[in-house]
Amino acid sequence: MSHLPPVRQLPVLGVNSPFPPVAQAWGEADPISGLLCAGADLSVERLVAAYSQGIFPWYSKGEPILWWSPNPRMVLKVADFKLHRSLKQALARFRADPSSASLMDTAFPEVIAHCAQTARAGQQGTWILPPMTDAYIRLHEAGYAHSVETWVNGKLVGGLYFTQIGNAVFGESMFSLQTNASKIALAALVDWCKSKGIEWIDCQQQTTHLASLGAKPIARESFLAMLVRSRHVS
């Protein structure tokens with residue numbers, strides 16, 4: 001399904017064009033809420049600039065690069081992460097098993113490749129196209145993107161990847177080849193955030209799955225204020 005709107009001119013960026021103010025993103029009354037602009041590129045510099053302003057890329061095959069800044073924004077405060085009874089039990093079994101492990105940044109290309117095979121809810125196909133995969137591998141090599149992996153018996157069975165600017169963490173996508181494997185990776189990310197003094201994880205868009213884990217929608221203005229406070233912390 002195309003994200004492109006049927007009406008209203010969308011700002012198109014050149015390679016050196018700055019992003020427009022996020023307040024100009026389409027609102028609830030527009031065809032697609034949160035859409036800000038199109039074009040530019042997926043260079044490390046462009047992606048860092050985007051995330052620093054609360055903007056992220058998301059587009060489908062056949063579309064130009066589309067940039068988004070939704071209002072409201074789905075955010076998981078790490079203190080609000082919900083470990084439901086079944087997940088607590090699964091996590092306890094996982095941690096007690098010497099053949100299981102949660103690791104970071106040991107298989108980033110593999111994690112994003114698996115995520116690319118998992119469509120977002122309500123979307124046909126994947127939004128993690130080859131140019132996006134290549135861009136986030138470059139972002140990983142530059143130290144801004146990271147993976148959290150769930151390993152069982154030496155096999156990668158689940159995981160997620162995220163972008164980090166200072167103490168601002170932006171969740172991107174997750175996958176699971178085994179029950180609860182992606183949730184175990186998220187629990188590991190939450191623990192890592194707590195150890196680093198990171199207070200929240202941007203989840204970008206609202207889903208019932210994220211809400212069940214403790215994420216809540218907040219006004220974009222509040223999100224941007226949180227981002228300013230967090231992104232300069234190293």
# chains A, B, ... in the order shown; residues from 1 in each chain; ligands from 1

$ select_by_dssp --residues "range 90-171 of chain A" --states "helix (DSSP H, G or I)" --output "PyMOL selection string"
chain A and resi 90-96+108-116+130-141

$ residues_around --residues "Ile218 in chain A" --least-positions-apart "2" --cutoff "9 Å" --atoms "only C-alpha atoms" --output "list in words"
Asn71, Pro72, Arg73, Met74, Val75, Lys216, Arg220, Glu221, Ser222 and Phe223 of chain A

$ select_by_dssp --residues "range 98-164 of chain A" --states "strand (DSSP E or B)" --output "MDAnalysis selection string"
chainID A and resid 100:104 145:152 155:164

$ write_last_selection --atoms "N, CA and C atoms" --output "mmCIF file, in the first residue's frame"
data_model
loop_
_atom_site.group_PDB
_atom_site.id
_atom_site.type_symbol
_atom_site.label_atom_id
_atom_site.label_comp_id
_atom_site.auth_asym_id
_atom_site.auth_seq_id
_atom_site.Cartn_x
_atom_site.Cartn_y
_atom_site.Cartn_z
ATOM 1 N N SER A 100 21.338 -20.260 26.474
ATOM 2 C CA SER A 100 20.648 -19.077 25.982
ATOM 3 C C SER A 100 21.406 -17.817 26.379
ATOM 4 N N ALA A 101 21.289 -16.779 25.551
ATOM 5 C CA ALA A 101 21.989 -15.535 25.854
ATOM 6 C C ALA A 101 21.348 -14.363 25.131
ATOM 7 N N SER A 102 21.376 -13.202 25.782
ATOM 8 C CA SER A 102 21.026 -11.941 25.140
ATOM 9 C C SER A 102 22.318 -11.182 24.884
ATOM 10 N N LEU A 103 22.575 -10.854 23.623
ATOM 11 C CA LEU A 103 23.810 -10.180 23.254
ATOM 12 C C LEU A 103 23.496 -8.919 22.462
ATOM 13 N N MET A 104 24.487 -8.029 22.381
ATOM 14 C CA MET A 104 24.335 -6.796 21.611
ATOM 15 C C MET A 104 25.424 -6.699 20.549
ATOM 16 N N ALA A 145 23.649 2.875 15.359
ATOM 17 C CA ALA A 145 22.604 1.849 15.324
ATOM 18 C C ALA A 145 23.145 0.571 15.959
ATOM 19 N N HIS A 146 22.286 -0.115 16.683
ATOM 20 C CA HIS A 146 22.712 -1.278 17.457
ATOM 21 C C HIS A 146 21.654 -2.377 17.377
ATOM 22 N N SER A 147 22.093 -3.596 17.618
ATOM 23 C CA SER A 147 21.172 -4.725 17.661
ATOM 24 C C SER A 147 21.199 -5.362 19.042
ATOM 25 N N VAL A 148 20.052 -5.917 19.423
ATOM 26 C CA VAL A 148 19.945 -6.764 20.608
ATOM 27 C C VAL A 148 19.468 -8.120 20.104
ATOM 28 N N GLU A 149 20.196 -9.171 20.474
ATOM 29 C CA GLU A 149 19.930 -10.485 19.894
ATOM 30 C C GLU A 149 19.569 -11.516 20.961
ATOM 31 N N THR A 150 18.640 -12.381 20.626
ATOM 32 C CA THR A 150 18.264 -13.513 21.469
ATOM 33 C C THR A 150 18.842 -14.779 20.841
ATOM 34 N N TRP A 151 19.726 -15.439 21.577
ATOM 35 C CA TRP A 151 20.409 -16.637 21.082
ATOM 36 C C TRP A 151 20.012 -17.854 21.908
ATOM 37 N N VAL A 152 19.737 -18.963 21.248
ATOM 38 C CA VAL A 152 19.442 -20.230 21.912
ATOM 39 C C VAL A 152 20.215 -21.323 21.190
ATOM 40 N N LYS A 155 21.990 -20.345 18.075
ATOM 41 C CA LYS A 155 21.195 -19.881 16.941
ATOM 42 C C LYS A 155 20.490 -18.576 17.283
ATOM 43 N N LEU A 156 20.460 -17.680 16.323
ATOM 44 C CA LEU A 156 19.754 -16.410 16.467
ATOM 45 C C LEU A 156 18.260 -16.659 16.271
ATOM 46 N N VAL A 157 17.464 -16.495 17.336
ATOM 47 C CA VAL A 157 16.040 -16.815 17.263
ATOM 48 C C VAL A 157 15.141 -15.580 17.399
ATOM 49 N N GLY A 158 15.741 -14.431 17.668
ATOM 50 C CA GLY A 158 14.948 -13.219 17.795
ATOM 51 C C GLY A 158 15.852 -12.034 18.029
ATOM 52 N N GLY A 159 15.278 -10.850 17.924
ATOM 53 C CA GLY A 159 16.084 -9.663 18.179
ATOM 54 C C GLY A 159 15.408 -8.399 17.712
ATOM 55 N N LEU A 160 16.111 -7.310 17.850
ATOM 56 C CA LEU A 160 15.631 -6.001 17.432
ATOM 57 C C LEU A 160 16.834 -5.129 17.108
ATOM 58 N N TYR A 161 16.561 -4.021 16.440
ATOM 59 C CA TYR A 161 17.620 -3.035 16.258
ATOM 60 C C TYR A 161 17.076 -1.653 16.559
ATOM 61 N N PHE A 162 17.980 -0.755 16.965
ATOM 62 C CA PHE A 162 17.562 0.581 17.372
ATOM 63 C C PHE A 162 18.632 1.596 16.998
ATOM 64 N N THR A 163 18.221 2.843 16.951
ATOM 65 C CA THR A 163 19.117 3.955 16.700
ATOM 66 C C THR A 163 19.317 4.713 18.010
ATOM 67 N N GLN A 164 20.537 5.190 18.256
ATOM 68 C CA GLN A 164 20.836 5.921 19.483
ATOM 69 C C GLN A 164 21.552 7.223 19.158
#

$ atom_distance --atom1 "CA of Ser176 in chain A" --atom2 "CA of Gly197 in chain A"
27.1 Å

$ closest_residue --among "A:Cys203, A:Ala225, A:Ala107, A:Leu139" --to "Leu47 in chain A" --atoms "only C-alpha atoms"
A:Leu139

$ closest_residue --among "A:Gly14, A:Ala79, A:Pro70, A:Ile165" --to "Glu28 in chain A" --atoms "only C-alpha atoms"
A:Pro70

$ residues_around --residues "Gly214 in chain A" --least-positions-apart "5" --cutoff "9 Å" --atoms "only C-alpha atoms" --output "number ranges by chain"
A: 75-83

$ atom_distance --atom1 "CA of Pro20 in chain A" --atom2 "CA of Asp134 in chain A"
25.2 Å

$ residues_around --residues "Pro130 in chain A" --least-positions-apart "2" --cutoff "12 Å" --atoms "only C-alpha atoms" --output "PyMOL selection string"
chain A and resi 42+59-61+109+112-113+115-117+126-128+132-137

$ write_last_selection --atoms "N, CA and C atoms" --output "compact mmCIF listing (two decimals), in the first residue's frame"
# COMPACT_ATOMS: atom_id res chain seq x y z
N LEU A 42 19.77 8.70 2.34
CA LEU A 42 19.84 7.94 3.58
C LEU A 42 21.29 7.87 4.09
N TYR A 59 9.15 4.15 4.08
CA TYR A 59 8.53 4.19 2.76
C TYR A 59 8.52 2.78 2.18
N SER A 60 7.72 2.59 1.16
CA SER A 60 7.56 1.28 0.53
C SER A 60 8.20 1.26 -0.86
N LYS A 61 8.27 0.08 -1.43
CA LYS A 61 8.86 -0.09 -2.75
C LYS A 61 8.11 0.76 -3.77
N PRO A 109 23.83 -7.17 10.90
CA PRO A 109 23.28 -7.41 9.55
C PRO A 109 22.24 -8.54 9.53
N ILE A 112 18.83 -7.17 11.08
CA ILE A 112 18.05 -6.31 10.18
C ILE A 112 17.53 -7.11 8.99
N ALA A 113 18.27 -8.13 8.56
CA ALA A 113 17.78 -8.99 7.47
C ALA A 113 16.52 -9.74 7.89
N CYS A 115 14.45 -8.76 10.28
CA CYS A 115 13.39 -7.76 10.44
C CYS A 115 12.78 -7.39 9.10
N ALA A 116 13.62 -7.37 8.06
CA ALA A 116 13.13 -7.01 6.72
C ALA A 116 12.13 -8.02 6.19
N GLN A 117 12.14 -9.22 6.74
CA GLN A 117 11.21 -10.26 6.32
C GLN A 117 9.90 -10.22 7.10
N THR A 126 7.45 -5.33 3.04
CA THR A 126 8.33 -4.77 4.05
C THR A 126 8.67 -3.34 3.72
N TRP A 127 8.95 -2.56 4.76
CA TRP A 127 9.43 -1.19 4.57
C TRP A 127 10.95 -1.15 4.67
N ILE A 128 11.57 -2.27 5.09
CA ILE A 128 13.03 -2.31 5.21
C ILE A 128 13.59 -2.82 3.88
N MET A 132 17.41 0.80 2.65
CA MET A 132 17.28 1.03 4.09
C MET A 132 18.23 0.11 4.85
N THR A 133 18.29 -1.15 4.46
CA THR A 133 19.20 -2.09 5.10
C THR A 133 20.63 -1.59 5.01
N ASP A 134 21.05 -1.20 3.82
CA ASP A 134 22.41 -0.70 3.63
C ASP A 134 22.66 0.55 4.48
N ALA A 135 21.66 1.43 4.54
CA ALA A 135 21.82 2.69 5.28
C ALA A 135 22.00 2.43 6.77
N TYR A 136 21.23 1.49 7.32
CA TYR A 136 21.33 1.25 8.76
C TYR A 136 22.56 0.42 9.12
N ILE A 137 23.05 -0.36 8.19
CA ILE A 137 24.34 -1.03 8.42
C ILE A 137 25.45 0.03 8.48

$ closest_residue --among "A:Ile201, A:Val15, A:Ala23, A:Ile32" --to "Ala168 in chain A" --atoms "only C-alpha atoms"
A:Ile201

$ closest_residue --among "A:Ala219, A:Asp202, A:Thr207, A:Ile184" --to "Arg93 in chain A" --atoms "only C-alpha atoms"
A:Ile184
